[in-house]
Each structure stands twice: as structure tokens, then as C-alpha cells.
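Engineer: Just one file: work32.cif, with mmCIF, C-alpha atoms.
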```
data_final
#
loop_
_atom_site.label_atom_id
_atom_site.label_comp_id
_atom_site.auth_asym_id
_atom_site.auth_seq_id
_atom_site.Cartn_x
_atom_site.Cartn_y
_atom_site.Cartn_z
CA ASP I 1 -14.85 -11.55 20.32
CA THR I 2 -12.46 -10.44 17.59
CA ALA I 3 -9.29 -12.55 17.60
CA VAL I 4 -7.08 -10.17 15.60
CA SER I 5 -8.22 -6.58 15.33
CA GLN I 6 -6.78 -3.64 13.45
CA THR I 7 -7.49 0.06 13.54
CA PRO I 8 -8.33 1.98 11.53
CA LYS I 9 -10.13 0.00 8.84
CA TYR I 10 -9.68 2.81 6.31
CA LEU I 11 -6.99 5.46 6.22
CA VAL I 12 -6.86 8.23 3.65
CA THR I 13 -4.00 10.69 3.89
CA GLN I 14 -1.78 13.04 1.93
CA MET I 15 1.67 12.27 0.62
CA GLY I 16 4.41 13.12 3.10
CA ASN I 17 2.31 12.54 6.20
CA ASP I 18 3.14 10.12 9.03
CA LYS I 19 0.54 7.56 10.09
CA SER I 20 0.18 4.52 12.33
CA ILE I 21 -1.87 1.35 12.14
CA LYS I 22 -2.58 -0.58 15.31
CA CYS I 23 -2.99 -4.33 15.74
CA GLU I 24 -4.06 -6.36 18.73
CA GLN I 25 -4.57 -10.10 19.18
CA ASN I 26 -6.37 -11.76 22.07
CA LEU I 27 -5.37 -15.31 21.18
CA GLY I 28 -2.35 -15.46 23.47
CA HIS I 29 -0.08 -16.02 20.47
CA ASP I 30 3.66 -15.47 20.60
CA THR I 31 4.20 -14.26 17.05
CA MET I 32 2.71 -11.39 15.08
CA TYR I 33 3.15 -10.27 11.49
CA TRP I 34 2.51 -7.42 9.10
CA TYR I 35 1.69 -8.10 5.45
CA LYS I 36 1.14 -5.76 2.54
CA GLN I 37 -1.41 -6.70 -0.14
CA ASP I 38 -1.25 -4.78 -3.39
CA SER I 39 -4.03 -4.06 -5.83
CA LYS I 40 -3.47 -7.40 -7.59
CA LYS I 41 -3.98 -9.22 -4.29
CA PHE I 42 -0.33 -10.23 -4.02
CA LEU I 43 0.50 -10.74 -0.34
CA LYS I 44 3.99 -9.91 0.89
CA ILE I 45 5.32 -10.28 4.41
CA MET I 46 6.89 -7.16 5.85
CA PHE I 47 7.74 -7.94 9.46
CA SER I 48 7.42 -10.64 12.07
CA TYR I 49 7.77 -10.28 15.83
CA ASN I 50 8.09 -13.04 18.38
CA ASN I 51 7.57 -12.09 22.03
CA LYS I 52 8.25 -8.45 21.20
CA GLU I 53 11.44 -9.21 19.28
CA LEU I 54 11.88 -8.67 15.56
CA ILE I 55 12.55 -11.97 13.74
CA ILE I 56 11.69 -11.18 10.13
CA ASN I 57 12.39 -7.92 8.41
CA GLU I 58 11.94 -8.19 4.68
CA THR I 59 13.21 -5.56 2.30
CA VAL I 60 10.99 -2.75 3.41
CA PRO I 61 11.85 0.97 3.29
CA ASN I 62 13.13 2.45 6.54
CA ARG I 63 10.05 4.65 6.55
CA PHE I 64 8.18 1.62 7.91
CA SER I 65 8.84 0.92 11.57
CA PRO I 66 7.04 -1.76 13.57
CA LYS I 67 6.67 -1.41 17.31
CA SER I 68 5.61 -4.11 19.72
CA PRO I 69 4.86 -2.76 23.23
CA ASP I 70 3.85 -6.24 24.37
CA LYS I 71 3.28 -9.58 22.71
CA ALA I 72 -0.41 -8.88 22.13
CA HIS I 73 0.23 -5.72 20.12
CA LEU I 74 2.17 -4.95 16.96
CA ASN I 75 1.78 -1.46 15.55
CA LEU I 76 3.04 -0.21 12.20
CA HIS I 77 4.25 3.35 11.85
CA ILE I 78 4.87 4.82 8.41
CA ASN I 79 6.82 8.04 7.88
CA SER I 80 6.72 10.30 4.84
CA LEU I 81 3.98 8.40 3.07
CA GLU I 82 4.31 7.89 -0.67
CA LEU I 83 1.76 7.09 -3.37
CA GLY I 84 3.19 3.58 -3.70
CA ASP I 85 2.34 2.85 -0.07
CA SER I 86 -1.33 2.66 -1.01
CA ALA I 87 -2.38 -0.93 -0.29
CA VAL I 88 -4.22 -3.07 2.22
CA TYR I 89 -2.13 -3.91 5.27
CA PHE I 90 -2.90 -7.07 7.20
CA CYS I 91 -1.84 -7.98 10.68
CA ALA I 92 -1.67 -11.68 11.61
CA SER I 93 -0.66 -13.82 14.56
CA SER I 94 0.35 -17.41 15.20
CA GLN I 95 1.19 -19.56 18.18
CA GLY I 96 4.49 -20.68 16.70
CA THR I 97 7.74 -19.67 18.29
CA ALA I 98 10.85 -18.93 16.28
CA GLY I 99 12.69 -22.15 15.59
CA GLU I 100 9.59 -24.30 15.88
CA HIS I 101 7.04 -25.27 13.28
CA THR I 102 5.02 -22.37 12.05
CA ASP I 103 1.42 -22.73 13.04
CA THR I 104 -1.73 -21.45 11.38
CA GLN I 105 -1.75 -17.70 11.02
CA TYR I 106 -4.87 -15.76 11.97
CA PHE I 107 -5.46 -12.55 10.07
CA GLY I 108 -7.02 -9.26 10.98
CA PRO I 109 -9.63 -7.61 8.73
CA GLY I 110 -7.07 -5.34 7.07
CA THR I 111 -6.45 -1.61 6.87
CA ARG I 112 -6.94 -0.01 3.49
CA LEU I 113 -4.43 2.82 3.17
CA THR I 114 -4.91 5.36 0.41
CA VAL I 115 -2.22 7.98 -0.14
CA LEU I 116 -3.30 10.97 -2.20
CA GLY U 1 14.19 -20.94 -1.60
CA ASN U 2 10.69 -21.71 -0.42
CA SER U 3 7.89 -20.67 -2.73
CA VAL U 4 4.42 -21.47 -3.93
CA THR U 5 3.04 -21.23 -7.45
CA GLN U 6 -0.68 -21.33 -8.03
CA MET U 7 -2.75 -21.14 -11.18
CA GLU U 8 -3.54 -17.68 -12.36
CA GLY U 9 -7.08 -16.51 -12.39
CA PRO U 10 -9.57 -15.33 -12.61
CA VAL U 11 -11.65 -18.49 -12.61
CA THR U 12 -15.34 -18.20 -13.43
CA LEU U 13 -17.68 -21.15 -12.90
CA SER U 14 -21.36 -21.81 -12.85
CA GLU U 15 -22.99 -22.94 -9.63
CA GLU U 16 -22.57 -26.68 -8.97
CA ALA U 17 -19.53 -26.94 -11.25
CA PHE U 18 -16.39 -28.79 -10.20
CA LEU U 19 -13.50 -26.66 -9.01
CA THR U 20 -9.78 -27.28 -9.18
CA ILE U 21 -7.17 -24.67 -8.32
CA ASN U 22 -3.65 -25.91 -8.89
CA CYS U 23 -0.84 -25.25 -6.44
CA THR U 24 2.74 -26.47 -6.57
CA TYR U 25 5.52 -25.72 -4.16
CA THR U 26 9.29 -25.61 -3.80
CA ALA U 27 10.69 -26.06 -0.32
CA THR U 28 13.81 -26.99 1.58
CA GLY U 29 12.93 -29.10 4.55
CA TYR U 30 9.47 -30.40 5.40
CA PRO U 31 6.72 -27.90 4.65
CA SER U 32 3.20 -27.69 5.93
CA LEU U 33 0.75 -26.62 3.26
CA PHE U 34 -2.28 -24.37 3.61
CA TRP U 35 -5.19 -22.96 1.67
CA TYR U 36 -6.51 -19.61 2.82
CA VAL U 37 -9.62 -17.87 1.51
CA GLN U 38 -10.27 -14.14 1.36
CA TYR U 39 -13.87 -13.04 0.94
CA PRO U 40 -14.51 -9.54 -0.44
CA GLY U 41 -13.51 -6.84 2.01
CA GLU U 42 -12.23 -9.28 4.62
CA GLY U 43 -8.96 -10.71 5.87
CA LEU U 44 -7.63 -14.15 5.07
CA GLN U 45 -9.15 -17.16 6.77
CA LEU U 46 -7.67 -20.61 7.01
CA LEU U 47 -9.64 -22.98 4.80
CA LEU U 48 -7.66 -26.19 5.30
CA LYS U 49 -4.17 -27.46 5.88
CA ALA U 50 -1.98 -30.57 5.71
CA THR U 51 1.22 -31.07 7.64
CA LYS U 52 2.79 -34.15 6.03
CA ALA U 53 2.87 -36.10 2.81
CA ASP U 54 -0.35 -37.88 1.81
CA ASP U 55 -2.39 -35.96 4.38
CA LYS U 56 -5.70 -34.65 3.11
CA GLY U 57 -7.07 -31.39 4.44
CA SER U 58 -10.79 -30.77 4.14
CA ASN U 59 -13.31 -28.13 5.16
CA LYS U 60 -16.66 -26.82 3.85
CA GLY U 61 -16.61 -29.32 0.99
CA PHE U 62 -13.11 -28.30 -0.13
CA GLU U 63 -10.29 -30.82 -0.18
CA ALA U 64 -6.57 -30.82 -0.91
CA THR U 65 -4.06 -33.66 -0.70
CA TYR U 66 -0.39 -33.13 0.09
CA ARG U 67 1.50 -34.86 -2.76
CA LYS U 68 5.19 -34.98 -2.10
CA GLU U 69 6.00 -36.82 -5.34
CA THR U 70 4.48 -34.07 -7.46
CA THR U 71 5.10 -31.26 -4.92
CA SER U 72 1.47 -30.26 -5.23
CA PHE U 73 -1.49 -29.31 -3.06
CA HIS U 74 -4.36 -28.76 -5.46
CA LEU U 75 -7.65 -27.43 -4.09
CA GLU U 76 -10.86 -29.16 -5.19
CA LYS U 77 -14.56 -28.89 -4.56
CA GLY U 78 -17.18 -31.04 -6.18
CA SER U 79 -19.97 -28.49 -6.41
CA VAL U 80 -19.29 -24.80 -5.94
CA GLN U 81 -21.81 -22.26 -4.70
CA VAL U 82 -22.15 -18.55 -5.31
CA SER U 83 -20.99 -18.01 -1.72
CA ASP U 84 -17.62 -19.60 -2.60
CA SER U 85 -16.72 -16.55 -4.67
CA ALA U 86 -13.48 -15.29 -3.15
CA VAL U 87 -9.73 -15.18 -3.62
CA TYR U 88 -7.92 -18.40 -2.69
CA PHE U 89 -4.31 -18.46 -1.54
CA CYS U 90 -2.03 -21.46 -1.36
CA ALA U 91 0.72 -21.15 1.25
CA LEU U 92 3.53 -23.08 2.86
CA SER U 93 5.58 -22.94 6.02
CA VAL U 94 8.76 -24.84 6.72
CA TRP U 95 9.78 -26.31 10.05
CA GLY U 96 12.30 -24.12 11.80
CA ILE U 97 11.51 -21.04 9.78
CA ASN U 98 8.85 -18.77 11.17
CA ASP U 99 7.84 -17.40 7.79
CA MET U 100 4.82 -18.35 5.67
CA ARG U 101 5.03 -17.99 1.90
CA PHE U 102 1.87 -17.27 -0.07
CA GLY U 103 1.01 -17.83 -3.69
CA ALA U 104 -0.28 -14.96 -5.81
CA GLY U 105 -3.93 -15.82 -5.16
CA THR U 106 -6.64 -17.08 -7.51
CA ARG U 107 -9.89 -15.19 -7.80
CA LEU U 108 -12.94 -17.43 -8.13
CA THR U 109 -16.29 -16.12 -9.26
CA VAL U 110 -19.28 -18.45 -9.17
CA LYS U 111 -22.32 -17.41 -11.17
CA PRO U 112 -25.86 -18.60 -10.44
#
```
Represent the structure contained in this file as C-alpha cells.
Structural biologist:
Amino acid sequence: DTAVSQTPKYLVTQMGNDKSIKCEQNLGHDTMYWYKQDSKKFLKIMFSYNNKELIINETVPNRFSPKSPDKAHLNLHINSLELGDSAVYFCASSQGTAGEHTDTQYFGPGTRLTVL
Amino acid sequence: GNSVTQMEGPVTLSEEAFLTINCTYTATGYPSLFWYVQYPGEGLQLLLKATKADDKGSNKGFEATYRKETTSFHLEKGSVQVSDSAVYFCALSVWGINDMRFGAGTRLTVKP
């Protein structure tokens, strides 16, 4: 049983296209995250949702829009893809609720996005 | 602000060598400290954690002690194996802020 799953695992697309990455967690956690990992392995938080509400929104272009239909899902939609968007995107979840101590985060396997 | 600084890699060791990866932190409030490991082609996995000063986290032969006086959380293992080859991330979270900060990662390669 996969705790945090992402689809697709690989995504290759042309510049200018719109794409989505899906994330689901079956841990019953309240909080979900999206991270971007660049080619040097640097990990940067992009968004965090708690019970379907946005609580962290780092400096990310407006072309990136997270959507949380329920607390078990957090999808990432990217408009007008650019070369610099090429990276590995990780979804994660944690039990912690905003305002309380952050708990361990559990990561998905990652989605490798390549923009040509 | 809250941040983590870890030693730059890559680190290359022979099997059975002693490993230390340094990690220091800056935080307002009372952080919990974590080490995550990322094996090739996979997501990050929690390796160990410590939630208060002087706590020692341990798992799979790895250890790290939360040192408030030196604001450090160095990762150690007495005898590394080839299967320990991975990227290791130090991270912190602060009570009341639902945001985990990661270090830049240290790539470890263990040769037979």
C-alpha cells in the first residue's frame, strides 16, 4: 500500500503546454505539500495545504496553481511550461495542523518533468 | 529566519569507513530536527529525528544528537555500507510554523 502516490512518474512535454501532476495520500493526514527539486538536488517548498486550505505559498510563478479537491489529494497544475520548470516535483504529507508542531513529512516518489 | 546548513558533498568513502555529515541550524523558537535520505530515483524517507535538546535520534546504524549549545545535528554512522549510498538531507521544523526547511543535501557514495 503506497502511502503517498504521484502520477505520472515521468512527464515530457513541449514548452508552452499545460500539464498537471496528481498526488494522493492514504495516511489520513491533514497537510499536504509540493516541493521542487532542481538538478543539484536542492529542495524548495512551493505550496502547503491544510484541510484543503492554502497555508504556504512561496514565491512561485502564477503559472503554478495547486488544487485540493479533498484533504487526501493535492494536484499541481502548470500553465505555459518553460524550460526552467524542468525538475523533479515531490508531493508530501504530514499529520500536523497549522499552528501545531510540524510532524514528520512523508514523501511521494516524485515526478520528473522535462520541458523541451 | 529558520534555516539549515549542511556540509557540501559529494562525500566518497570506502565500505566500513566512519561517516560524519555536519549540519547546523538557525531557528527562532524550538525546532525539531530531522535527517532524511533519498536513494537514487526515489523520494525522501525519514531516517531519524529529534524533537528537543540532547535527544538522540537513531535508525539503521545512523545516529544524530540534538546539540542546542552548538546548534548542530550531525549525522554519524560507524561503518557505512555500499547500500548507504544516497543523498542525505538535514531539515528542521519549528513549533507553530507548518513549514519544514531542508538543507542543500549531501551526496554520499560508498565504494566496495
Engineer: Selected by the PyMOL selection byres ((chain I) within 12 of (chain U)) in the shown coordinates: which residues, as a VMD selection string?
Structural biologist: chain I and resid 3 to 6 9 to 10 30 to 50 54 to 58 88 to 112
Engineer: With the PyMOL selection byres ((chain U and resi 80) around 12) as the selection, what would be picked from this file? Answer as an NGL selection string, please.
Structural biologist: :U and (11-20 or 60-62 or 76-79 or 81-86 or 108-112)
Engineer: Any idea what's packed within 8 Å of Thr71 in chain U, counting all atoms listed in the file, ignoring anything in its chain fewer than 2 positions away? Could you give it as a list in words?
Structural biologist: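 In the requested form, the answer reads Thr24, Tyr25, Thr26, Tyr66, Arg67, Lys68, Glu69 and Phe73 of chain U.
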Engineer: For CA of Ala27 in chain U and CA of Asn59 in chain U, determine how far apart the two atoms are, in Å to one decimal place.
Structural biologist: 24.7 Å
Engineer: So how far away is CA of Glu24 in chain I from CA of Glu82 in chain I, in Å?
Structural biologist: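 Atom-to-atom, CA of Glu82 in chain I to CA of Glu24 in chain I, that is 25.5 Å.
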Engineer: Extract, using all atoms listed in the file, all DNA, RNA and protein residues at most 10 Å from Thr65 in chain U, discarding same-chain residues fewer than 5 positions from it, and format them as JSON, numbers by chain.
Structural biologist: {"U": [33, 49, 50, 52, 53, 54, 55, 56, 57, 58, 72, 73, 74, 75, 76]}
Engineer: May I have the selected residues written with C-alpha atoms, as a PDB file, in the coordinates of the input?
Structural biologist:
```pdb
ATOM      1  CA  LEU U  33       0.750 -26.620   3.260  1.00  0.00           C
ATOM      2  CA  LYS U  49      -4.170 -27.460   5.880  1.00  0.00           C
ATOM      3  CA  ALA U  50      -1.980 -30.570   5.710  1.00  0.00           C
ATOM      4  CA  LYS U  52       2.790 -34.150   6.030  1.00  0.00           C
ATOM      5  CA  ALA U  53       2.870 -36.100   2.810  1.00  0.00           C
ATOM      6  CA  ASP U  54      -0.350 -37.880   1.810  1.00  0.00           C
ATOM      7  CA  ASP U  55      -2.390 -35.960   4.380  1.00  0.00           C
ATOM      8  CA  LYS U  56      -5.700 -34.650   3.110  1.00  0.00           C
ATOM      9  CA  GLY U  57      -7.070 -31.390   4.440  1.00  0.00           C
ATOM     10  CA  SER U  58     -10.790 -30.770   4.140  1.00  0.00           C
ATOM     11  CA  SER U  72       1.470 -30.260  -5.230  1.00  0.00           C
ATOM     12  CA  PHE U  73      -1.490 -29.310  -3.060  1.00  0.00           C
ATOM     13  CA  HIS U  74      -4.360 -28.760  -5.460  1.00  0.00           C
ATOM     14  CA  LEU U  75      -7.650 -27.430  -4.090  1.00  0.00           C
ATOM     15  CA  GLU U  76     -10.860 -29.160  -5.190  1.00  0.00           C
TER      16      GLU U  76
END
```
Engineer: For the atom pair CA of Thr7 in chain I and CA of Ala87 in chain I, what is the interatomic distance in Å to one decimal place?
Structural biologist: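 CA of Thr7 in chain I sits 14.8 Å away from CA of Ala87 in chain I.
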Engineer: Check which residues satisfy the PyMOL selection byres ((chain I and resi 114) around 6) in the file shown, then give them as a list in words.
Structural biologist: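 In the shown coordinates, the PyMOL selection byres ((chain I and resi 114) around 6) covers Val12, Ser86, Leu113 and Val115 of chain I.
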Engineer: Counting only C-alpha atoms, what is within 8 Å of Asp18 in chain I, bar same-chain residues fewer than 6 positions away, as a ChimeraX atom specification?
Structural biologist: /I:77-81
Engineer: Show which residues sit within 8 Å of Asp70 in chain I, as a list in words. Count only C-alpha atoms, and ignore same-chain residues fewer than 3 positions away.
Structural biologist: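 That gives Asn51, Lys52, His73 and Leu74 of chain I.
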Engineer: Suppose we keep C-alpha atoms; can you now write the selection as a compact mmCIF listing (two decimals), in the frame of the given file?
Structural biologist:
```txt
# COMPACT_ATOMS: atom_id res chain seq x y z
CA ASN I 51 7.57 -12.09 22.03
CA LYS I 52 8.25 -8.45 21.20
CA HIS I 73 0.23 -5.72 20.12
CA LEU I 74 2.17 -4.95 16.96
```
